[in-house]
Every structure is written in C-alpha cells, then in structure tokens.
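Enquirer: If it helps, the file is called work-v5.cif and holds mmCIF, C-alpha atoms:
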```cif
data_protein
loop_
_atom_site.label_atom_id
_atom_site.label_comp_id
_atom_site.auth_asym_id
_atom_site.auth_seq_id
_atom_site.Cartn_x
_atom_site.Cartn_y
_atom_site.Cartn_z
CA MET A 186 20.69 2.72 -11.49
CA ALA A 187 19.23 0.31 -8.95
CA ASP A 188 19.05 -3.45 -9.37
CA VAL A 189 15.58 -5.02 -9.35
CA TYR A 190 15.42 -8.80 -9.33
CA PHE A 191 12.54 -10.54 -11.10
CA ALA A 192 11.14 -14.06 -10.83
CA ASN A 193 8.53 -15.11 -13.37
CA LEU A 194 5.74 -17.55 -12.57
CA ARG A 195 6.72 -20.52 -14.75
CA ALA A 196 7.40 -23.73 -12.83
CA ARG A 197 8.03 -27.33 -13.96
CA SER A 198 9.48 -28.70 -10.72
CA HIS A 199 9.44 -28.03 -6.98
CA HIS A 200 12.71 -26.11 -7.40
CA GLU A 201 10.76 -23.49 -9.39
CA SER A 202 7.81 -23.00 -7.03
CA LYS A 203 6.87 -19.51 -5.89
CA ILE A 204 8.07 -20.47 -2.42
CA GLN A 205 11.54 -21.28 -3.71
CA LYS A 206 11.62 -18.17 -5.89
CA ILE A 207 10.82 -15.91 -2.92
CA ARG A 208 13.72 -17.44 -1.01
CA ARG A 209 16.06 -16.97 -3.99
CA LEU A 210 14.91 -13.37 -4.42
CA PHE A 211 15.78 -12.72 -0.77
CA ASP A 212 19.34 -13.88 -1.44
CA ALA A 213 19.73 -12.26 -4.85
CA ALA A 214 18.59 -8.85 -3.64
CA GLY A 215 21.14 -8.91 -0.82
CA PHE A 216 18.69 -8.93 2.07
CA ASP A 217 21.31 -10.75 4.14
CA ARG A 218 22.97 -7.33 4.39
CA VAL A 219 19.67 -5.65 5.29
CA VAL A 220 18.88 -8.02 8.18
CA ARG A 221 21.59 -8.53 10.80
CA PRO A 222 21.79 -11.07 13.63
CA GLY A 223 19.82 -9.94 16.66
CA ASP A 224 17.65 -7.46 14.73
CA LEU A 225 14.02 -6.86 15.55
CA THR A 226 12.84 -7.06 11.93
CA ALA A 227 9.50 -5.63 10.84
CA VAL A 228 7.84 -7.59 8.03
CA LYS A 229 5.52 -4.85 6.79
CA LEU A 230 2.54 -6.00 4.80
CA HIS A 231 -1.20 -5.44 4.37
CA VAL A 232 -3.34 -8.24 5.85
CA GLY A 233 -6.40 -7.13 3.84
CA GLU A 234 -9.71 -5.68 4.94
CA ARG A 235 -12.30 -8.31 5.88
CA GLY A 236 -14.02 -9.26 2.60
CA CYS A 237 -10.87 -8.77 0.50
CA ASP A 238 -9.16 -11.97 -0.63
CA THR A 239 -6.26 -10.78 -2.83
CA TYR A 240 -3.81 -9.76 -0.09
CA ILE A 241 -0.39 -11.45 -0.07
CA ASN A 242 -0.59 -15.18 0.64
CA PRO A 243 0.54 -15.84 4.25
CA VAL A 244 2.55 -18.83 3.01
CA PHE A 245 4.61 -16.38 0.94
CA ALA A 246 5.14 -14.18 3.99
CA ARG A 247 6.33 -17.30 5.87
CA GLN A 248 9.25 -17.69 3.45
CA VAL A 249 10.47 -14.19 4.29
CA VAL A 250 10.01 -14.81 8.00
CA ASP A 251 12.02 -18.04 7.79
CA LYS A 252 14.84 -16.32 5.89
CA VAL A 253 14.96 -13.62 8.58
CA LYS A 254 15.19 -16.32 11.26
CA GLU A 255 18.05 -17.94 9.35
CA ARG A 256 19.85 -14.62 9.87
CA ARG A 257 19.30 -15.13 13.64
CA ALA A 258 17.05 -12.08 13.70
CA HIS A 259 13.59 -11.74 15.26
CA PRO A 260 10.78 -11.02 12.74
CA PHE A 261 7.30 -9.72 13.43
CA ILE A 262 4.40 -9.12 11.02
CA THR A 263 3.19 -5.54 11.21
CA ASP A 264 0.81 -2.91 9.87
CA THR A 265 -0.96 0.17 11.27
CA GLY A 266 -4.55 1.14 12.03
CA THR A 267 -6.85 2.58 9.38
CA LEU A 268 -8.25 6.08 9.02
CA TYR A 269 -11.69 4.77 8.05
CA ALA A 270 -14.05 2.62 10.07
CA GLY A 271 -13.62 -1.06 9.26
CA SER A 272 -12.16 -4.36 10.41
CA ARG A 273 -8.70 -2.89 11.07
CA ALA A 274 -9.58 0.40 12.81
CA ASP A 275 -7.84 -0.59 16.08
CA ALA A 276 -5.21 -3.14 17.04
CA VAL A 277 -7.71 -5.61 18.49
CA ARG A 278 -9.88 -5.87 15.38
CA HIS A 279 -6.83 -5.58 13.15
CA THR A 280 -5.17 -8.56 14.83
CA VAL A 281 -8.38 -10.61 14.61
CA THR A 282 -8.64 -9.81 10.89
CA ALA A 283 -4.99 -10.79 10.38
CA ILE A 284 -5.58 -14.14 12.05
CA GLU A 285 -8.79 -14.73 10.05
CA HIS A 286 -6.75 -14.12 6.88
CA GLY A 287 -4.09 -16.64 7.84
CA PHE A 288 -1.49 -14.41 9.48
CA ASP A 289 -1.34 -16.40 12.69
CA TYR A 290 1.82 -17.82 14.24
CA ALA A 291 1.15 -21.37 13.06
CA VAL A 292 1.19 -20.22 9.43
CA VAL A 293 3.63 -17.30 9.26
CA GLY A 294 5.92 -18.22 12.14
CA ALA A 295 5.98 -14.73 13.63
CA PRO A 296 3.73 -12.66 15.88
CA VAL A 297 1.45 -9.94 14.54
CA ILE A 298 2.25 -6.61 16.24
CA ILE A 299 0.25 -3.55 15.18
CA ALA A 300 2.91 -0.86 14.98
CA ASP A 301 0.93 2.21 16.10
CA GLY A 302 -0.54 0.72 19.28
CA ILE A 303 -4.03 -0.20 20.40
CA SER A 304 -5.78 2.94 19.12
CA GLY A 305 -3.21 4.54 16.80
CA GLY A 306 -1.55 6.69 19.44
CA TYR A 307 1.94 5.15 19.41
CA TRP A 308 3.97 7.24 16.96
CA ARG A 309 6.88 9.66 16.79
CA GLU A 310 7.77 12.51 14.48
CA VAL A 311 10.48 12.10 11.86
CA ALA A 312 12.04 15.11 10.14
CA VAL A 313 11.81 15.04 6.33
CA GLY A 314 12.08 18.74 5.41
CA GLY A 315 9.64 18.31 2.55
CA ASN A 316 7.57 20.72 0.50
CA HIS A 317 4.45 19.74 2.45
CA PHE A 318 5.79 18.44 5.76
CA GLU A 319 8.72 19.46 7.91
CA ASN A 320 8.00 16.39 10.07
CA VAL A 321 5.85 13.30 9.53
CA ARG A 322 4.21 10.90 11.99
CA ILE A 323 5.54 7.34 11.84
CA ALA A 324 4.34 4.40 13.94
CA GLY A 325 6.57 3.67 16.91
CA GLY A 326 6.78 -0.04 16.15
CA ILE A 327 8.24 0.74 12.71
CA LEU A 328 10.81 3.10 14.21
CA ASP A 329 11.69 0.64 16.98
CA ALA A 330 12.64 -2.07 14.46
CA GLU A 331 16.30 -2.20 13.42
CA SER A 332 15.48 -3.52 9.95
CA MET A 333 12.39 -3.89 7.79
CA LEU A 334 11.22 -5.98 4.85
CA VAL A 335 8.30 -4.43 2.97
CA LEU A 336 6.02 -6.90 1.18
CA SER A 337 3.63 -5.15 -1.21
CA HIS A 338 0.73 -6.42 -3.30
CA VAL A 339 0.81 -4.29 -6.46
CA LYS A 340 -2.66 -3.10 -7.51
CA GLY A 341 -4.58 0.01 -8.49
CA HIS A 342 -5.64 2.82 -6.17
CA ASP A 343 -8.30 5.44 -6.73
CA LEU A 344 -6.14 8.32 -5.45
CA ALA A 345 -2.50 7.27 -5.79
CA GLY A 346 -3.03 5.64 -9.19
CA PHE A 347 -1.32 2.46 -8.14
CA GLY A 348 -0.14 0.96 -4.90
CA GLY A 349 3.26 -0.64 -4.43
CA ALA A 350 6.18 -0.20 -2.06
CA ILE A 351 5.94 3.60 -1.83
CA LYS A 352 2.30 3.57 -0.82
CA ASN A 353 2.88 0.66 1.55
CA LEU A 354 5.55 2.73 3.31
CA ALA A 355 3.55 5.95 3.35
CA MET A 356 0.09 4.89 4.44
CA GLY A 357 1.10 1.60 5.98
CA CYS A 358 3.72 3.00 8.35
CA ALA A 359 1.66 6.00 9.49
CA PRO A 360 -0.90 6.10 12.30
CA PRO A 361 -4.44 7.27 11.44
CA SER A 362 -3.47 10.89 12.19
CA GLY A 363 -0.62 10.58 9.68
CA LYS A 364 -2.93 9.06 7.10
CA ALA A 365 -5.26 12.03 7.59
CA GLU A 366 -2.36 14.43 6.97
CA GLN A 367 -1.61 12.69 3.69
CA HIS A 368 -5.20 12.74 2.39
CA ALA A 369 -5.97 16.35 3.31
CA GLY A 370 -8.20 16.95 0.26
CA ARG A 371 -11.90 17.74 0.64
CA PRO A 372 -14.84 16.50 -1.46
CA CYS A 373 -17.41 18.64 -3.27
CA PHE A 374 -21.11 17.78 -2.82
CA GLU A 375 -23.55 18.32 -5.69
CA ILE A 376 -26.68 18.73 -3.57
CA GLU A 377 -29.08 18.65 -6.53
CA ALA A 378 -27.82 15.20 -7.49
CA CYS A 379 -28.21 13.81 -3.97
CA LYS A 380 -31.09 11.33 -3.53
CA GLY A 381 -30.83 11.18 0.26
CA CYS A 382 -29.91 7.47 0.48
CA GLY A 383 -27.64 8.10 3.47
CA ARG A 384 -24.81 5.78 2.43
CA CYS A 385 -22.26 8.60 2.74
CA VAL A 386 -23.48 9.26 6.28
CA GLN A 387 -23.04 5.60 7.21
CA VAL A 388 -19.48 5.25 5.89
CA CYS A 389 -17.98 8.57 7.04
CA PRO A 390 -15.49 7.77 9.86
CA GLN A 391 -15.61 11.33 11.23
CA ALA A 392 -19.36 12.05 11.11
CA ALA A 393 -18.64 14.85 8.64
CA VAL A 394 -21.83 14.14 6.66
CA THR A 395 -25.40 14.32 7.92
CA LEU A 396 -28.82 14.18 6.29
CA VAL A 397 -30.85 17.37 6.52
CA GLU A 398 -34.29 17.46 4.89
CA GLY A 399 -33.42 14.42 2.78
CA ARG A 400 -30.14 15.76 1.39
CA ALA A 401 -26.52 15.25 2.43
CA ARG A 402 -24.97 18.12 4.34
CA PHE A 403 -21.16 18.28 4.56
CA ASN A 404 -19.09 19.68 7.44
CA PRO A 405 -15.58 20.32 6.03
CA GLU A 406 -14.11 21.00 9.45
CA ARG A 407 -14.65 17.36 10.45
CA CYS A 408 -13.55 15.86 7.11
CA VAL A 409 -10.21 14.01 6.89
CA GLY A 410 -10.33 13.51 3.11
CA CYS A 411 -10.45 9.69 3.11
CA GLY A 412 -12.83 9.52 0.12
CA ASP A 413 -15.17 6.90 1.61
CA CYS A 414 -18.20 9.12 0.92
CA MET A 415 -17.32 9.48 -2.75
CA ARG A 416 -16.86 5.73 -3.19
CA SER A 417 -20.19 5.02 -1.50
CA CYS A 418 -22.27 7.42 -3.60
CA GLY A 419 -24.19 5.70 -6.38
CA GLU A 420 -25.46 9.00 -7.81
CA GLY A 421 -22.10 10.64 -8.56
CA ALA A 422 -23.06 13.51 -6.24
CA ILE A 423 -19.68 13.57 -4.46
CA GLU A 424 -16.41 14.33 -6.21
CA PHE A 425 -12.93 15.63 -5.48
CA ASP A 426 -11.32 18.33 -7.60
CA TRP A 427 -8.80 15.95 -9.12
CA THR A 428 -7.18 18.64 -11.24
CA THR A 429 -5.80 20.25 -8.09
CA GLU A 430 -5.83 17.44 -5.49
CA ILE A 431 -4.09 14.43 -7.04
CA ARG A 432 -0.48 15.63 -7.36
CA PRO A 433 -0.35 17.27 -3.90
CA PHE A 434 -1.76 14.07 -2.43
CA ILE A 435 0.94 11.99 -4.14
CA GLU A 436 3.63 14.41 -2.96
CA ARG A 437 2.42 14.13 0.62
CA LEU A 438 2.37 10.35 0.29
CA CYS A 439 5.98 10.26 -0.97
CA GLU A 440 7.20 12.52 1.85
CA TYR A 441 5.61 10.15 4.36
CA ALA A 442 7.30 7.18 2.66
CA LEU A 443 10.63 8.96 3.08
CA GLY A 444 9.95 9.41 6.78
CA ALA A 445 9.21 5.70 7.20
CA VAL A 446 12.73 4.68 6.14
CA ARG A 447 14.81 7.73 7.02
CA ASP A 448 16.26 6.10 10.15
CA LYS A 449 17.16 2.83 8.38
CA PRO A 450 19.68 3.53 5.59
CA GLY A 451 20.63 0.22 4.01
CA ARG A 452 18.36 -1.68 6.39
CA VAL A 453 15.16 -1.97 4.32
CA GLY A 454 14.33 -4.48 1.58
CA TYR A 455 11.31 -4.63 -0.71
CA ILE A 456 9.37 -7.46 -2.36
CA ASN A 457 6.55 -6.59 -4.77
CA PHE A 458 4.00 -9.26 -5.72
CA LEU A 459 2.55 -8.70 -9.20
CA LEU A 460 -0.26 -11.19 -8.64
CA ALA A 461 -4.02 -10.59 -8.70
CA ILE A 462 -3.51 -7.01 -9.89
CA THR A 463 -6.89 -5.57 -8.96
CA PRO A 464 -8.30 -2.05 -9.51
CA ASP A 465 -8.53 -1.24 -5.79
CA CYS A 466 -6.43 -1.15 -2.67
CA ASP A 467 -6.74 -4.14 -0.32
CA CYS A 468 -8.39 -1.69 2.09
CA VAL A 469 -11.74 -2.18 0.36
CA PRO A 470 -13.88 -5.08 1.66
CA TRP A 471 -14.02 -6.85 -1.71
CA SER A 472 -11.69 -7.98 -4.50
CA ASP A 473 -12.55 -7.10 -8.08
CA ALA A 474 -11.26 -9.11 -11.06
CA ALA A 475 -7.60 -8.70 -12.00
CA ILE A 476 -7.04 -6.24 -14.86
CA VAL A 477 -3.94 -7.95 -16.34
CA PRO A 478 -2.51 -11.48 -16.06
CA ASP A 479 -0.29 -12.39 -13.12
CA ILE A 480 3.30 -11.37 -13.88
CA GLY A 481 5.77 -12.38 -11.18
CA ILE A 482 7.60 -11.27 -8.05
CA LEU A 483 10.22 -8.51 -7.70
CA ALA A 484 12.81 -7.75 -5.02
CA SER A 485 15.10 -4.77 -4.48
CA THR A 486 16.62 -2.53 -1.83
CA ASP A 487 15.24 0.53 -3.64
CA PRO A 488 11.52 1.36 -3.26
CA VAL A 489 11.38 3.75 -6.20
CA ALA A 490 13.13 1.40 -8.60
CA ILE A 491 10.98 -1.60 -7.65
CA ASP A 492 7.79 0.44 -8.06
CA HIS A 493 8.98 1.82 -11.40
CA ALA A 494 9.71 -1.72 -12.62
CA SER A 495 6.31 -2.90 -11.32
CA PHE A 496 4.54 0.00 -13.04
CA ASP A 497 6.28 -0.76 -16.34
CA LEU A 498 5.65 -4.51 -16.17
CA VAL A 499 1.94 -4.05 -15.53
CA ASN A 500 1.64 -1.56 -18.37
CA SER A 501 3.51 -3.88 -20.75
CA GLU A 502 0.70 -6.43 -20.47
CA ARG A 503 -2.50 -6.58 -22.48
CA GLY A 504 -5.53 -5.82 -20.35
CA ILE A 505 -8.05 -8.53 -19.56
CA ALA A 506 -11.51 -8.21 -21.09
CA ARG A 507 -14.66 -7.83 -18.99
CA THR A 508 -12.87 -6.14 -16.09
CA ALA A 509 -12.86 -2.61 -14.67
CA LEU A 510 -10.22 -1.72 -17.25
CA GLY A 511 -12.35 0.12 -19.76
CA GLU A 512 -9.57 1.68 -21.84
CA HIS A 513 -5.77 1.72 -22.14
CA THR A 514 -5.93 -2.04 -22.66
CA ALA A 515 -3.09 -2.35 -25.20
CA PRO A 516 0.47 -3.27 -24.19
CA GLY A 517 2.40 -0.10 -23.29
CA GLU A 518 -0.67 1.89 -22.24
CA ASP A 519 -1.19 3.09 -18.66
CA LYS A 520 -3.49 0.48 -17.15
CA PHE A 521 -3.95 2.40 -13.90
CA ARG A 522 -5.17 5.48 -15.75
CA GLY A 523 -7.43 3.14 -17.69
CA ILE A 524 -9.20 2.38 -14.40
CA TRP A 525 -9.05 5.80 -12.73
CA ASP A 526 -8.72 8.34 -15.55
CA TYR A 527 -8.00 11.25 -13.20
CA THR A 528 -5.03 9.61 -11.45
CA ASP A 529 -1.32 9.98 -12.12
CA GLY A 530 0.42 6.87 -10.77
CA GLY A 531 3.68 7.58 -12.56
CA TYR A 532 4.08 10.83 -10.66
CA GLN A 533 4.89 8.78 -7.55
CA ILE A 534 8.09 7.64 -9.25
CA ASP A 535 9.11 11.15 -10.31
CA TYR A 536 8.46 12.89 -7.00
CA ALA A 537 9.85 10.08 -4.82
CA ALA A 538 13.12 10.13 -6.78
CA ARG A 539 13.25 13.92 -6.59
CA ILE A 540 13.10 13.95 -2.78
CA GLY A 541 15.74 11.23 -2.43
CA LEU A 542 13.60 8.20 -1.56
CA GLY A 543 15.31 6.13 -4.26
CA ASP A 544 16.44 5.88 -7.87
CA ALA A 545 13.91 5.98 -10.70
CA SER A 546 16.35 4.21 -13.04
CA TYR A 547 16.51 0.45 -12.70
CA ARG A 548 18.16 -2.65 -14.12
CA LEU A 549 15.79 -5.64 -14.28
CA ILE A 550 17.61 -8.90 -13.53
CA GLU A 551 15.72 -12.17 -13.99
CA ILE A 552 16.67 -14.98 -11.63
#
```
Show how you would write the structure in this file as structure tokens.

Expert:
Amino acid sequence: MADVYFANLRARSHHESKIQKIRRLFDAAGFDRVVRPGDLTAVKLHVGERGCDTYINPVFARQVVDKVKERRAHPFITDTGTLYAGSRADAVRHTVTAIEHGFDYAVVGAPVIIADGISGGYWREVAVGGNHFENVRIAGGILDAESMLVLSHVKGHDLAGFGGAIKNLAMGCAPPSGKAEQHAGRPCFEIEACKGCGRCVQVCPQAAVTLVEGRARFNPERCVGCGDCMRSCGEGAIEFDWTTEIRPFIERLCEYALGAVRDKPGRVGYINFLLAITPDCDCVPWSDAAIVPDIGILASTDPVAIDHASFDLVNSERGIARTALGEHTAPGEDKFRGIWDYTDGGYQIDYAARIGLGDASYRLIEI
C-alpha cells in the first residue's frame, strides 16, 4: 500500500496558502530522497496548448523548482513535442508557447528544455517487455535526467478516460513517433454522413484525409490514430470502434509510462493538481468548464497510487450543473465516463499495477 499525501484548499493564513502546501507536500512525500545533490532534475509538466488556460500555474511549478534547488540539484522544466499540428509541434514553437503561458525563467526559476529535441528526433529505446511493446521510445532529455518530478493537472481525456500521472509519463515523455505507437487505432468514416466541410482535412497532421467529389476520403496507411479528425467533425461522420480500441490503447499507454521511469527506481516523485478538472486534455486549444469543484493537491512516489486516489476523489464529488458532465453526476459515480461514455479510465489503474508501474492500493494522508 503506497502513501499518498493530500492537501485540501482551505486557507485562513499565509501559512496555509497553496504555495506553502506544495512545499510541505514535497517534504511529506519524501522527495528529498528522490532528488539528490548535483542531480539534473526534470520537472515534467504540460505547458498547455495555446488557447488553453487551465494548465498548472507556473507559480506552483516555481515552488517545486525552488525545493529542488534547496537540494543543490539543477532543475529544468520539460515536455515533448506533439503528434498533432499545433503550437507545440516542435521545440521552437513549444518553447514560445511555454513562455507565453508563464513558464519563463523569471517566473519558474528554471530553463525550459524540450526533451525530445528540435523536431522530436532525440529519443532512445527502453526495454519494457510488455504485451504490446518489447521496447518503447522515450525522449533523450528524460533519460538523461538523474531524477524527475512529474507535475500533472488531473482532467478528463477522450481516449484514456482521465489524465493524471500515468498519462503524463506515457504521452508526455515520448517523442511524436512514440505517441503514434500508443494511439495506433484507426477511425471509421461514414461517408453518407459527410457534408464535405473539410475540417477533418485541415486538422489531420499526416494528410491522411482528402476531399474527393465533396466527401472525405481516408488513407489508413498515413493515419497515426490521433483522433483530431473525429473531434473536428460536427456531423458525427467519424468514429473509432471503442469496443475494441479503448483497452488496447490504455495498455499501450501504461507500457510507455513504465518505460519513462524504468531507469529511475526511487528517483521519481509525483504531484497531482486536482484543480480546474476539465473534460479535455490540456492539448486542446480551449478550456471547458470544470465538471466538479476544485479538490486539492496530492503527492506521492507512486504514480498508480496517486492516480487511483485522484480518480476516487474526483468521483466522490457531486458534478457541477451546466457543464459537459451530462450524467454520472452523483457522488460515487464515474465522472469521466459521464463525459466520455465509451472510455474506461479506471482500467489505467488496473493495467498499470499489473505490469509493475506501481501499487493500486493507497493510504491517503492529509497534511
């Protein structure tokens, strides 16, 4: 049973601010044993796609950076390039977006270093011996770091069900080619429903969709399974076969998460922020309304336990009215399935524990 430390959001003095609670969580979770003097320490987080505004507050990231410096280690803020076209598709645009969102040295006190290089080509294989992958592709900058602190904004996700530490490790530590390996599924096009608007053509990062005689035509050999076409279609003409695709996708994601930390036993810590819990990943260029109230901040050295605790805490809340949460609004019901009814977020916990990423059992300790 893994320990997960929890700080609620109540505050009646400066000693109880979120800033102070993050610093206390660092100490309570034993991150002084994770980060050693002289380490190059990766502070892995998601800076948010341009247009999103619910990514982790850079001031919160600064507290972690400062605690790492107190350990006489050398922190850097990091992430990897995206599979889809957008404001973080290469290291140049990614760094600009990070700075626009407040992750510059003046605010966070550490440089931003995109871990997979300028164009996503800096990575190495890590053996995982999984059911889907014998080896996975992990960004070189992640592997080069001696220790890592993973800061995750907990929210929904249209494929994984929900996004926390496991997804942050899996997608966030992989180059675009590794992200493509994880997605792997292919959409189905209902040609009769297509109105020929061309939005799917515009968003496809691999030019796998074209318009022929006013209808979308799909080339599966070019598709990387990112799902951008499905999200862009206002007619419901593009779908994935969720009955067969969801669990294999989650399994691939968990095997990649294992590869991200395999070379760092005892040298990775996790902080999950249960704030602004939105329906979508911070990869989308918008931020929808939160589906439940803000809950608090968690810290642990176990990614499975902290995600399990996050999952349970979100589901223990009552859903907020007039949001994307159309059902499963009562305390105890699966809020993530209430947004995306075909997903299976809890399966992340089961499969990740099964392959040895962490412990699904946890002890919640309030500080």

Enquirer: Written as a list of chain:residue names, which residues does the PyMOL selection byres ((chain A and resi 191) around 6) give for the file shown?

Expert: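 Taken on the displayed file, the PyMOL selection byres ((chain A and resi 191) around 6) yields the residues A:Tyr190, A:Ala192, A:Ile482, A:Leu483, A:Ile550, A:Glu551.
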
Enquirer: List the residues matched by the PyMOL selection byres ((chain A and resi 358-360) around 7) in the displayed structure as a ChimeraX atom specification, ordered by chain and then by residue number.

Expert: /A:264-266,301,305,308,322-324,327,354-357,361-364,445

Enquirer: Take the PyMOL selection byres ((chain A and resi 495-506) around 10), run it mentally on this structure, and tell me the resulting residues as an MDAnalysis selection string.

Expert: chainID A and resid 189 191 339:340 347:350 457:459 462 474:483 489:494 507:521 523 530:531 534

Enquirer: Check the smallest atom-to-atom distance from each of A:Glu436, A:Trp471, A:Tyr269, A:Ala422 to Cys389 in chain A using only C-alpha atoms, then report the winner.

Expert: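 Result for the nearest residue to Cys389 in chain A: A:Tyr269.
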
Enquirer: May I have the residues within 10 Å of Gly215 in chain A as a list in words, using only C-alpha atoms and disregarding those fewer than 2 positions away in the same chain?

Expert: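 Once the adjacent positions are removed, what remains is Leu210, Phe211, Asp212, Ala213, Asp217, Arg218, Val219, Val220, Gly454, Ala484, Ser485 and Thr486 of chain A.
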
Enquirer: Do you know which residues are at most 9 Å from Arg235 in chain A counting all atoms listed in the file, after dropping those on the same chain fewer than 4 positions away, and could you put them as JSON, numbers by chain?

Expert: {"A": [271, 272, 273, 282, 283, 285, 286, 468, 469, 470, 471]}

Enquirer: If you keep C-alpha atoms, can you produce a file of those selected residues as a compact mmCIF listing (two decimals), keeping the file's coordinate frame?

Expert:
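Just written: selection.txt:
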```txt
# COMPACT_ATOMS: atom_id res chain seq x y z
CA GLY A 271 -13.62 -1.06 9.26
CA SER A 272 -12.16 -4.36 10.41
CA ARG A 273 -8.70 -2.89 11.07
CA THR A 282 -8.64 -9.81 10.89
CA ALA A 283 -4.99 -10.79 10.38
CA GLU A 285 -8.79 -14.73 10.05
CA HIS A 286 -6.75 -14.12 6.88
CA CYS A 468 -8.39 -1.69 2.09
CA VAL A 469 -11.74 -2.18 0.36
CA PRO A 470 -13.88 -5.08 1.66
CA TRP A 471 -14.02 -6.85 -1.71
```

Enquirer: So, with only C-alpha atoms as the atoms that count, which of A:Ile351, A:Cys382, A:Ile241, A:Ala369 lies closest to Arg407 in chain A?

Expert: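 Result for the nearest residue to Arg407 in chain A: A:Ala369.
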
Enquirer: Give the answer as one residue: which of A:Cys411, A:Val250, A:Leu225, A:Ala442 has the shortest atom-to-atom distance to Asn353 in chain A, using all atoms listed in the file?

Expert: A:Ala442

Enquirer: If we count only C-alpha atoms, what is near Ile303 in chain A at a cut-off of 10 Å, once residues fewer than 5 positions away on the same chain are taken out, given as a list in words?

Expert: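 Result of the neighbour search: Thr265, Gly266, Ala274, Asp275, Ala276, Val277, Arg278, His279 and Ile298 of chain A.
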
Enquirer: Measuring atom to atom with only C-alpha atoms, identify which of A:Gly326, A:Gly233, A:Gly370, A:Gly302 is nearest to Phe288 in chain A.

Expert: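 The shortest atom-to-atom distance to Phe288 in chain A comes from A:Gly233.
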
Enquirer: What does the distance from CA of Ala545 in chain A to CA of Cys439 in chain A come to in Å, to one decimal?

Expert: 13.3 Å

Enquirer: Kindly indicate which residue among A:Met415, A:Ile456, A:Val313, A:Val321 lies nearest to Leu542 in chain A, using all atoms listed in the file for the distances.

Expert: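 Between A:Met415, A:Ile456, A:Val313, A:Val321, the residue approaching Leu542 in chain A most closely is A:Val313.
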
Enquirer: When you look at range 390-401 of chain A with a cut-off of 10 Å (counting all atoms listed in the file), what residues show up, excluding the ones that are within fewer than 4 positions of it in the same chain? I need them as an NGL selection string.

Expert: :A and (268-271 or 274 or 374-386 or 405-411 or 413-414 or 422-423)

Enquirer: Suppose you want the space between CA of Val292 in chain A and CA of Ala246 in chain A; what is it in Å?

Expert: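 Computing the Euclidean distance for CA of Val292 in chain A and CA of Ala246 in chain A yields 9.0 Å.
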
Enquirer: Residues around (6.4, -9.0, 2.2), cut-off 8 Å, counting only C-alpha atoms - what are they as JSON, numbers by chain?

Expert: {"A": [228, 229, 230, 241, 245, 246, 249, 334, 335, 336, 337, 455, 456, 457]}

Enquirer: Could range 466-479 of chain A be completed with N, CA and C atoms and returned as a tab-separated table (two decimals), in the coordinates of the input?

Expert:
```tsv
chain	number	residue	atom	x	y	z
A	466	CYS	N	-7.27	-0.81	-3.81
A	466	CYS	CA	-6.43	-1.15	-2.67
A	466	CYS	C	-7.05	-2.31	-1.90
A	467	ASP	N	-6.23	-3.06	-1.17
A	467	ASP	CA	-6.74	-4.14	-0.32
A	467	ASP	C	-7.48	-3.61	0.90
A	468	CYS	N	-7.61	-2.30	1.01
A	468	CYS	CA	-8.39	-1.69	2.09
A	468	CYS	C	-9.89	-1.83	1.85
A	469	VAL	N	-10.31	-2.06	0.61
A	469	VAL	CA	-11.74	-2.18	0.36
A	469	VAL	C	-12.19	-3.60	0.72
A	470	PRO	N	-13.42	-3.76	1.21
A	470	PRO	CA	-13.88	-5.08	1.66
A	470	PRO	C	-14.42	-5.94	0.52
A	471	TRP	N	-13.69	-5.97	-0.58
A	471	TRP	CA	-14.02	-6.85	-1.71
A	471	TRP	C	-12.76	-6.98	-2.56
A	472	SER	N	-12.78	-7.85	-3.54
A	472	SER	CA	-11.69	-7.98	-4.50
A	472	SER	C	-12.28	-8.10	-5.89
A	473	ASP	N	-12.06	-7.09	-6.70
A	473	ASP	CA	-12.55	-7.10	-8.08
A	473	ASP	C	-11.63	-8.01	-8.92
A	474	ALA	N	-12.05	-8.27	-10.15
A	474	ALA	CA	-11.26	-9.11	-11.06
A	474	ALA	C	-9.95	-8.42	-11.42
A	475	ALA	N	-8.90	-9.22	-11.59
A	475	ALA	CA	-7.60	-8.70	-12.00
A	475	ALA	C	-7.69	-8.08	-13.38
A	476	ILE	N	-6.96	-6.98	-13.60
A	476	ILE	CA	-7.04	-6.24	-14.86
A	476	ILE	C	-6.01	-6.71	-15.89
A	477	VAL	N	-4.94	-7.37	-15.44
A	477	VAL	CA	-3.94	-7.95	-16.34
A	477	VAL	C	-3.57	-9.32	-15.78
A	478	PRO	N	-2.94	-10.18	-16.58
A	478	PRO	CA	-2.51	-11.48	-16.06
A	478	PRO	C	-1.48	-11.33	-14.94
A	479	ASP	N	-1.36	-12.36	-14.11
A	479	ASP	CA	-0.29	-12.39	-13.12
A	479	ASP	C	1.06	-12.33	-13.83
```
